[in-house]
Structure formats: structure tokens, C-alpha cells
Amino acid sequence: MTGAALEITDLRFAYGEQTVLEGVTLAVAPGEIYGVVGADGAGKTTLVQLTVGQLPLRDGRIIVLGRDAADPALRSQVAYMPQGFGLYRDLSVQENLDFFADLHDLPRAVAKLRIVDLLERTGLAGFEARRAANLSGGMMQKLALACALVSQPRAMVLDEPTTGVDPVSRRAFWRLLNGVRAEGVAILYATANMDEAERCDRVGLLNAGRLERQGTPLELTHNAAAQLVGVSGPMARRRRNDLLAWPGVQLAFPVGRQLRVWLDAEDSLAEFQMRLRALDAELIAQPLQPTLQDAALRELALTEFQPLPFALKQGQ
């Protein structure tokens with residue numbers, strides 16, 4: 001991608017004989033949120049750690065802001081938020097922010113103005129004296145984001161930053177993140193949460209270390225080779241094996257009390273509905289607009305690399 005802030009090319013990584021990443025290639029533009037979406041164990045954290053230089057690069061290429069990922073000159077230009085709360089719980093909100101300002105050698109006057117601005121933007125103003133350990137999960141994530149932004153980075157790498165955070169706090173976090181994106185910061189965002197993936201500008205589906213597909217959420221939900229049908233009724237879920245035996249049925253997933261069935265694109269929905277009524281008069285089939293969750297489950301279920309990853313999470 002011309003003008004990309006972050007470029008990963010043919011990235012491969014293994015722990016001993018265990019392959020973790022295999023030929024990963026992606027690019028993130030300034031002002032773009034790129035979501036790396038995958039179940040636990042797909043390789044997201046390893047990809048993130050390589051991108052920020054925490055792991056040694058063995059095979060492939062990672063260029064961040066025109067430099068090799070491990071270049072020390074990137075320290076103040078790239079912000080990293082690891083899984084969990086990576087700040088100092090025994091320090092106050094103000095002390096954590098002061099510490100990160102000192103870490104980046106910010107002049108005292110510049111740091112003071114920047115910290116005041118970040119406190120206001122994150123809603124932490126008024127909580128400066130509170131110890132980090134006494135913050136709620138959502139406020140902790142806001143503090144982590146504020147500390148990451150102290151140096152005014154040009155790129156950010158986030159590894160499932162909202163894990164364990166309630167839905168309201170997650171939405172607030174994303175509002176802040178969208179403001180960061182609007183300032184031209186390139187953001188690589190690793191997540192297993194499909195609702196979060198829908199918020200990204202582009203998404204890559206990572207499965208067993210390989211990027212299966214990349215594109216906008218809308219592009220990934222479009223599938224010219226299949227159509228999605230919702231089958232509902234009192235016994236819908238119990239009919240899954242019956243439907244999977246029918247010609248033209250590619251996959252069938254239970255979702256709540258419903259079955260979501262992928263049919264060949266050329267199959268007649270009307271004919272499928274007739275066969276369904278003959279099987280069970282109480283079953284109803286209706287066409288569905290696929291979500292990114294539907295598309296990801298289909299994509300991953302049809303690959304040969306890994307069984308269906310039920311660990312992918314639908315947001316709350």
C-alpha cells in the first residue's frame with residue numbers, strides 16, 4: 001500500500017517446530033483502524049509483539065513509519081497497549097501519566113498541557129489522585145490509552161485492549177479511539193470480538209497463523225458463492241444434521257434458537273423452503289444479510305488449518 005504507516009510482508013514465525021504465523025502480509029494507512037480478527041491461539045499476540053519489536057524478527061519484513069520495527073527511534077512514535085492492564089497499579093492516575101511523560105523525555109511544560117488535554121478527553125479529569133488499582137475496568141482502559149497517547153504517537157498497536165470491559169465502557173473506549181484515528185494515527189487492532197471488528201476500516205481474518213481474507217467489513221460479508229438463510233422453529237437446532245445432508249447446503253451453525261444455513265448461491269430459496277416444510281411444517285426459512293460474524297465463521301469453518309473457532313466472540 002502506497003503511503004502505508006505500517007507494512008508487514010510475508011511474516012513467518014515459529015516457536016521451535018510449532019508454526020505460529022505463516023506468510024502474513026498486511027498494511028495499515030495513516031488514519032485507518034485495521035482489525036486482526038481471530039480466535040484465541042490464532043497468532044494475534046505474536047503478530048502484535050513482532051510488530052512492536054518485542055520478539056525478534058526471523059523471517060519476513062515489518063516496516064513501521066519507514067523504519068524496521070525494532071528500531072529504537074520508533075519508541076516515541078509507536079504506542080503499544082498489551083492484553084490486560086500494563087500500567088502501575090500502585091501509582092495514581094496523575095503519577096502514571098507523569099511517568100510516561102518522563103519516559104518519553106517530554107519537556108515539563110509540554111507534558112503538563114498534554115496530560116490536562118488527555119484527562120479531559122478520556123473523562124479522567126477529577127480522578128487524578130485515584131490509584132490505578134482502584135479504577136473500574138473501563139477507567140483503567142482509558143488510563144492505559146491516555147498513557148499510550150502521551151507521546152503523540154503516529155501509530156498504535158493494540159492487543160485485545162477491551163477484554164473484560166463492560167459494553168458501555170467498550171463503546172466509550174471506541175469513541176476515544178475514533179478520535180485518535182481522526183488525527184491521522186494508524187492503528188493495528190487485534191481482537192476476537194466480532195462487534196469490534198465491525199468498527200474497523202479494514203479487517204484481516206487470522207486463522208492458525210494465516211490471513212484467510214482481508215477487506216472492509218462490508219466486503220467480507222459479501223459472498224458470491226453462497227447465500228445465508230435463517231431457519232427457525234421449535235425444533236430448528238435438532239434438524240441441523242438433516243439439513244447438512246441435503247445437496248446445496250454448505251454449512252449450518254446454531255445461533256441462539258435458530259440455525260443459520262449457508263446454501264450454494266445458485267440454489268433456489270423457494271425450493272429449500274418447500275423441502276423444509278416437508279421435513280417439519282413448523283420450520284420457517286428466511287434470507288439473512290450476513291454479519292461479519294457469519295462470514296468469519298463460514299470462512300474459518302471451510303479452511304483446512306483449524307477446526308471451527310467457537311472462541312470468536314460476539315460483542316455484548
# chains A, B, ... in the order shown; residues from 1 in each chain; ligands from 1

call {"tool": "residues_around", "arguments": {"residues": "Gly43 of chain A", "least_positions_apart": "5", "cutoff": "8 Å", "atoms": "only C-alpha atoms", "output": "list of chain:residue names"}}
result
A:Val20, A:Leu21, A:Gly38, A:Leu206, A:Asn207, A:Ala208, A:Gly209

call {"tool": "select_by_dssp", "arguments": {"residues": "segment 17-147 of chain A", "states": "alpha helix (DSSP H)", "output": "PyMOL selection string"}}
result
chain A and resi 44-51+93-103+108-122+137-147

call {"tool": "residues_around", "arguments": {"residues": "segment 250-256 of chain A", "least_positions_apart": "2", "cutoff": "10 Å", "atoms": "only C-alpha atoms", "output": "MDAnalysis selection string"}}
result
chainID A and resid 226:232 236:241 243:248 258:264 294 297:298 301:302

call {"tool": "closest_residue", "arguments": {"among": "A:Ala69, A:Leu57, A:Ala129, A:Ile33", "to": "Arg12 of chain A", "atoms": "only C-alpha atoms"}}
result
A:Leu57

call {"tool": "select_by_dssp", "arguments": {"residues": "segment 62-247 of chain A", "states": "strand (DSSP E)", "output": "VMD selection string"}}
result
chain A and resid 62 to 64 67 to 68 78 to 81 155 to 159 186 to 191 202 to 207 210 to 215 226 to 232

call {"tool": "residues_around", "arguments": {"residues": "Tyr34 of chain A", "least_positions_apart": "6", "cutoff": "12 Å", "atoms": "only C-alpha atoms", "output": "PyMOL selection string"}}
result
chain A and resi 4-7+26-28+155-158+181+185-191+196-205+214-217

call {"tool": "closest_residue", "arguments": {"among": "A:Gly233, A:Gly23, A:Gly53, A:Pro82", "to": "Arg277 of chain A", "atoms": "only C-alpha atoms"}}
result
A:Gly233

call {"tool": "closest_residue", "arguments": {"among": "A:Gln54, A:Arg89, A:Gln152, A:Ile115", "to": "Ser136 of chain A", "atoms": "only C-alpha atoms"}}
result
A:Arg89

call {"tool": "closest_residue", "arguments": {"among": "A:Ser92, A:Thr25, A:Thr163, A:Gln289", "to": "Asn134 of chain A", "atoms": "only C-alpha atoms"}}
result
A:Ser92

call {"tool": "residues_around", "arguments": {"residues": "Ala101 of chain A", "least_positions_apart": "2", "cutoff": "12 Å", "atoms": "only C-alpha atoms", "output": "PyMOL selection string"}}
result
chain A and resi 76+94-99+103-115+118+146-152

call {"tool": "closest_residue", "arguments": {"among": "A:Leu50, A:Leu300, A:Met140, A:Ala79", "to": "Leu211 of chain A", "atoms": "only C-alpha atoms"}}
result
A:Leu300

call {"tool": "residues_around", "arguments": {"residues": "Leu177 of chain A", "least_positions_apart": "5", "cutoff": "9 Å", "atoms": "only C-alpha atoms", "output": "list in words"}}
result
Leu145, Ala172, Ala182 and Ile187 of chain A

call {"tool": "atom_distance", "arguments": {"atom1": "atom CA of Pro234 of chain A", "atom2": "atom CA of Met274 of chain A"}}
result
17.6 Å
